[in-house]
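Below is coords-v3.txt, holding compact mmCIF, C-alpha atoms.
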# COMPACT_ATOMS: atom_id res chain seq x y z
CA MET A 724 20.43 31.74 243.71
CA THR A 725 19.44 30.54 247.17
CA GLU A 726 16.33 31.87 248.89
CA LEU A 727 16.80 35.40 250.17
CA ASP A 728 16.65 36.22 253.84
CA PRO A 729 14.10 38.94 254.74
CA ALA A 730 16.66 41.74 255.12
CA THR A 731 18.28 41.01 251.75
CA ARG A 732 14.88 40.67 250.09
CA ASP A 733 13.85 44.09 251.44
CA ALA A 734 17.10 45.64 250.21
CA LEU A 735 16.55 44.11 246.77
CA ALA A 736 12.95 45.38 246.72
CA ALA A 737 14.16 48.91 247.51
CA LEU A 738 16.72 48.71 244.71
CA ILE A 739 14.14 47.57 242.15
CA LEU A 740 11.75 50.30 243.28
CA THR A 741 14.31 53.06 242.73
CA VAL A 742 15.03 51.93 239.18
CA ALA A 743 11.31 51.48 238.41
CA ASP A 744 10.46 54.93 239.73
CA ASP A 745 13.26 56.49 237.69
CA GLU A 746 11.95 54.89 234.51
CA LEU A 747 8.31 55.77 235.19
CA VAL A 748 8.93 59.41 236.07
CA ILE A 749 11.24 60.26 233.17
CA GLY A 750 8.86 58.46 230.85
CA TYR A 751 5.96 60.64 231.97
CA TRP A 752 7.95 63.88 231.88
CA ASP A 753 9.15 63.34 228.33
CA SER A 754 5.79 62.04 227.11
CA GLU A 755 4.68 65.67 227.49
CA TRP A 756 6.51 66.43 224.23
CA THR A 757 3.93 64.43 222.28
CA GLY A 758 2.33 66.89 219.90
CA ILE A 759 4.68 69.80 220.65
CA ALA A 760 8.17 68.49 219.82
CA PRO A 761 10.35 70.64 217.52
CA MET A 762 9.52 68.51 214.48
CA LEU A 763 7.18 65.68 213.53
CA GLU A 764 9.92 63.06 213.62
CA GLU A 765 10.67 64.01 217.23
CA ASP A 766 7.00 63.77 218.13
CA VAL A 767 7.20 60.12 217.13
CA ALA A 768 10.70 59.49 218.51
CA MET A 769 10.16 61.02 221.95
CA SER A 770 6.78 59.33 222.27
CA SER A 771 8.44 55.99 221.49
CA VAL A 772 11.28 56.58 223.95
CA SER A 773 8.83 57.57 226.68
CA GLN A 774 6.70 54.51 226.01
CA ASP A 775 9.79 52.32 226.32
CA GLU A 776 10.64 53.87 229.71
CA ILE A 777 7.12 53.36 231.05
CA GLY A 778 7.19 49.79 229.73
CA HIS A 779 10.46 49.15 231.56
CA ALA A 780 8.93 50.57 234.72
CA ALA A 781 5.95 48.23 234.33
CA ALA A 782 8.28 45.21 234.03
CA LEU A 783 10.19 46.28 237.14
CA TYR A 784 7.00 46.85 239.16
CA ALA A 785 5.80 43.39 238.07
CA MET A 786 9.09 41.88 239.29
CA LEU A 787 8.71 43.76 242.55
CA GLY A 788 5.16 42.46 242.88
CA GLU A 789 6.37 38.89 242.53
CA LEU A 790 9.04 39.51 245.14
CA THR A 791 6.82 41.23 247.71
CA GLY A 792 3.26 40.16 246.90
CA ARG A 793 2.21 43.76 246.20
CA ASP A 794 0.04 44.75 243.24
CA PRO A 795 2.17 46.30 240.44
CA ASP A 796 -0.51 48.84 239.50
CA GLU A 797 -0.78 50.00 243.09
CA LEU A 798 3.00 50.33 243.28
CA ALA A 799 2.96 52.55 240.21
CA TYR A 800 -0.16 54.62 240.81
CA ALA A 801 -1.48 54.32 244.38
CA ARG A 802 1.50 55.71 246.29
CA GLU A 803 1.66 59.29 247.49
CA PRO A 804 4.33 61.57 245.95
CA ASP A 805 6.65 61.34 248.96
CA ALA A 806 6.74 57.54 248.63
CA PHE A 807 8.43 57.70 245.22
CA ARG A 808 12.16 56.96 245.11
CA HIS A 809 13.23 58.51 241.80
CA ALA A 810 16.47 60.45 241.55
CA PRO A 811 16.53 64.24 242.05
CA LEU A 812 17.46 64.64 238.36
CA LEU A 813 13.85 63.72 237.58
CA ASP A 814 12.20 66.27 239.86
CA HIS A 815 12.53 69.07 237.32
CA PRO A 816 9.68 69.90 234.91
CA ARG A 817 10.05 69.40 231.16
CA THR A 818 11.11 73.02 230.46
CA ASP A 819 12.54 73.54 226.91
CA TRP A 820 14.00 71.15 224.33
CA ALA A 821 17.64 71.85 225.28
CA PHE A 822 16.84 71.14 228.93
CA THR A 823 15.12 67.88 227.98
CA ILE A 824 18.05 66.76 225.84
CA GLY A 825 20.56 67.68 228.56
CA ARG A 826 18.63 65.74 231.19
CA ARG A 827 17.96 62.82 228.88
CA TYR A 828 21.68 62.56 228.05
CA LEU A 829 22.71 62.57 231.70
CA TYR A 830 20.01 60.06 232.65
CA GLU A 831 20.51 57.68 229.72
CA THR A 832 24.26 57.49 230.19
CA ALA A 833 23.97 56.98 233.97
CA ASP A 834 21.23 54.40 233.48
CA ALA A 835 23.38 52.56 230.94
CA ALA A 836 26.16 52.26 233.53
CA ARG A 837 23.66 51.05 236.12
CA LEU A 838 22.10 48.48 233.78
CA GLN A 839 25.53 47.16 232.86
CA ALA A 840 26.15 46.46 236.55
CA LEU A 841 22.69 44.97 237.16
CA ALA A 842 23.07 42.63 234.17
CA GLY A 843 25.70 40.84 236.28
CA SER A 844 23.40 40.46 239.28
CA SER A 845 23.12 37.12 241.06
CA TYR A 846 19.33 37.68 241.19
CA GLU A 847 18.53 36.13 237.85
CA PRO A 848 15.20 37.88 237.12
CA LEU A 849 16.87 41.26 237.60
CA ALA A 850 19.92 40.29 235.55
CA GLN A 851 17.76 39.10 232.64
CA LEU A 852 15.55 42.18 232.66
CA ALA A 853 18.54 44.52 232.89
CA ALA A 854 20.11 42.79 229.86
CA LYS A 855 16.87 43.21 227.89
CA MET A 856 16.57 46.87 228.89
CA ARG A 857 20.19 47.49 227.82
CA ARG A 858 19.43 46.27 224.31
CA GLU A 859 16.44 48.59 224.01
CA GLU A 860 18.06 51.57 225.71
CA ARG A 861 20.95 51.52 223.23
CA TYR A 862 18.71 53.27 220.71
CA HIS A 863 17.77 55.91 223.28
CA LEU A 864 21.47 56.64 223.73
CA MET A 865 22.07 56.96 219.99
CA HIS A 866 19.11 59.33 219.66
CA VAL A 867 20.06 61.63 222.52
CA ASP A 868 23.77 61.67 221.62
CA ALA A 869 22.88 62.90 218.13
CA TRP A 870 20.72 65.67 219.58
CA LEU A 871 23.35 66.67 222.13
CA ARG A 872 25.91 67.13 219.38
CA ARG A 873 23.44 68.97 217.20
CA LEU A 874 22.54 71.47 219.92
CA ALA A 875 26.17 71.91 221.02
CA ALA A 876 27.20 72.72 217.44
CA ALA A 877 24.32 75.14 216.87
CA GLY A 878 25.96 77.98 218.77
CA GLY A 879 24.18 81.06 220.03
CA GLU A 880 21.18 80.80 222.31
CA VAL A 881 20.64 77.12 221.51
CA ARG A 882 24.06 76.14 222.82
CA GLU A 883 23.72 78.53 225.76
CA ARG A 884 20.49 76.83 226.82
CA LEU A 885 22.11 73.40 226.63
CA VAL A 886 25.11 74.53 228.68
CA ALA A 887 22.82 76.12 231.27
CA ALA A 888 20.79 72.90 231.52
CA LEU A 889 23.86 70.72 232.03
CA GLU A 890 25.23 73.12 234.65
CA ARG A 891 21.91 73.12 236.50
CA LEU A 892 21.44 69.36 236.34
CA GLY A 893 24.98 68.10 236.94
CA THR A 894 24.77 67.65 240.71
CA ASP A 895 21.31 66.09 240.57
CA ALA A 896 22.47 63.64 237.88
CA LEU A 897 24.98 62.15 240.32
CA GLY A 898 22.02 60.98 242.42
CA VAL A 899 20.96 58.45 239.77
CA LEU A 900 23.90 56.35 240.92
CA ASP A 901 23.64 56.87 244.66
CA ALA A 902 24.35 53.82 246.78
CA PRO A 903 21.06 52.04 247.59
CA ASP A 904 19.85 51.34 251.08
CA ASP A 905 21.70 48.42 252.65
CA GLU A 906 24.22 48.30 249.82
CA ALA A 907 26.48 46.03 251.89
CA LEU A 908 23.77 43.34 251.98
CA LEU A 909 23.28 43.56 248.22
CA LEU A 910 27.00 43.31 247.61
CA SER A 911 27.45 40.31 249.91
CA ALA A 912 24.62 38.48 248.14
CA GLY A 913 26.01 39.34 244.70
CA ILE A 914 22.79 41.17 243.81
CA LEU A 915 24.98 44.19 243.20
CA PRO A 916 28.22 43.00 241.57
CA GLU A 917 30.06 46.20 242.56
CA PRO A 918 29.50 49.31 244.69
CA MET A 919 27.51 52.08 243.05
CA ALA A 920 30.42 54.44 243.74
CA SER A 921 32.42 52.39 241.23
CA VAL A 922 29.57 52.51 238.73
CA ARG A 923 29.36 56.29 239.14
CA ALA A 924 33.12 56.70 238.63
CA ARG A 925 32.94 54.64 235.41
CA TRP A 926 29.99 56.70 234.18
CA LEU A 927 31.79 60.00 234.80
CA GLU A 928 34.85 58.70 232.95
CA ARG A 929 32.73 57.62 229.99
CA ILE A 930 30.84 60.89 229.58
CA GLY A 931 33.90 63.03 230.29
CA GLY A 932 35.24 62.33 226.80
CA PRO A 933 32.19 63.31 224.71
CA LEU A 934 31.27 66.28 226.91
CA GLY A 935 34.89 67.48 226.96
CA GLU A 936 35.11 67.14 223.17
CA LEU A 937 32.04 69.40 222.86
CA ASP A 938 33.29 71.76 225.59
CA LEU A 939 30.18 71.04 227.67
CA PRO A 940 29.96 70.89 231.50
CA VAL A 941 30.69 67.55 233.19
CA PRO A 942 28.79 66.72 236.42
CA SER A 943 30.74 67.44 239.58
CA GLY A 944 30.24 67.91 243.30
CA GLY A 945 27.99 65.66 245.37
CA PRO A 946 24.30 64.70 245.24
CA ARG A 947 21.93 67.22 246.77
CA PRO A 948 20.68 66.75 250.36
CA GLY A 949 17.48 64.72 250.61
CA GLY A 950 18.38 62.34 247.80
CA ARG A 951 15.56 60.13 246.60
CA ARG A 952 13.29 60.90 249.55
CA SER A 953 12.74 64.61 248.97
CA HIS A 954 10.53 65.77 246.07
CA GLY A 955 9.19 69.22 245.30
CA PRO A 956 6.03 70.78 243.85
CA ASP A 957 6.95 70.01 240.24
CA PHE A 958 6.81 66.28 240.88
CA ALA A 959 3.62 66.73 242.92
CA TRP A 960 2.05 68.19 239.76
CA LEU A 961 3.31 65.34 237.57
CA HIS A 962 2.10 62.79 240.12
CA GLY A 963 -1.38 64.26 239.82
CA GLU A 964 -1.24 63.97 236.04
CA MET A 965 0.04 60.40 235.91
CA THR A 966 -2.38 59.09 238.56
CA MET A 967 -5.42 60.98 237.32
CA VAL A 968 -7.06 58.03 235.57
CA SER A 969 -6.37 55.48 238.31
CA ARG A 970 -7.74 57.87 240.95
CA SER A 971 -10.89 58.49 238.94
CA GLU A 972 -12.26 55.08 239.99
CA VAL A 973 -10.22 53.49 242.77
CA GLY A 974 -10.22 49.70 242.60
CA ALA A 975 -11.25 49.49 238.96
CA THR A 976 -9.50 47.05 236.61
CA TRP A 977 -8.02 48.85 233.63
Could you render the structure from this file as C-alpha cells?
Amino acid sequence: MTELDPATRDALAALILTVADDELVIGYWDSEWTGIAPMLEEDVAMSSVSQDEIGHAAALYAMLGELTGRDPDELAYAREPDAFRHAPLLDHPRTDWAFTIGRRYLYETADAARLQALAGSSYEPLAQLAAKMRREERYHLMHVDAWLRRLAAAGGEVRERLVAALERLGTDALGVLDAPDDEALLLSAGILPEPMASVRARWLERIGGPLGELDLPVPSGGPRPGGRRSHGPDFAWLHGEMTMVSRSEVGATW
C-alpha cells in the first residue's frame, strides 16, 4: 500500500496496540494455571495456549515498533497500567476453572472474528500476521469449545459456575470488538475492511447457535463505561507480576 499519512499511521498504531495488549494480558492471566490446572493434560494445554498468546503479542509489538520506532520490549513492559489498552473482559482475575473457560470462550470467538477481518487488511504486515495467528488460534478454539461443552453438560455446581461466569462477563466481552480510535480513517485506507460493529454482529450470530444449543447466556447490552482506558486493581496486580523481571534491572538486555 502507499505510504501512510501521520494520522492514519497513528490510528493503525493504536489498533495494533489494542490487539497486542489483549493477547499479552490474557496470556499472562491464564499462564497462572500452570501447575494448578484440574489435570496434568490441562497444565500442559493451558501453558501452551498462554505461550501462544504471549508470542502473538510479541509479534504485534515488534510490528508496532517497526511502524513507530519504539522498542517492543518497552511497549510490553515499561508502560504504566493505565497506558494498557486491553478490553475490559481481561481486567478480571483468573478466579476458578469455569470462569477461565467462560472468558476464554468469549475472547477466543471474538478474537477469531477480529482476526478474520484483519486478515483482509490493506496493511500487508498486519494482514499476514493476522492470517498466521488465525491458523494457530484455531486449536485454541477447539480446546475451549470442548471444555465449554463438558462443563455445560456436567450439571450441578459446575454448570452453575459456568453460567454465572458467562452472565458476569457478557457485557465486558462486547468490548473486545469496540470500534478503534479513528475508525473512519482506518476504513478509508482499507486497513479495516469493515466496521467493527459489523464484526461484532457476526460474532454474536456465530456464538448464538452453540450457546443457545447449550442453554447458556449470550452476551447482550453495551460495553461498560471506560472501555479500554479504565483498568482496576486486579490488572494493577497482574501488571506488577508481568513486569517484575524487567523492573528488576531497568535497561538490561534480556
Nearest residue to Glu928 (chain A) from the set A:Glu859, A:Ser943, A:Pro816, A:Gln774 (distances using all atoms listed in the file) = A:Ser943
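Here CA of Leu783 (chain A) and CA of Leu740 (chain A) stand 7.5 Å from one another.
Counting from CA of Val772 (chain A), the distance to CA of His866 (chain A) is 9.3 Å.
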query = Taking into account only C-alpha atoms, which residue in the set A:Gly878, A:Pro903, A:Gly825, A:Gly893 is nearest to Ile739 (chain A)?
reply = A:Pro903
query = What does the distance from CA of Arg925 (chain A) to CA of Asp938 (chain A) come to in Å, to one decimal?
reply = 19.7 Å
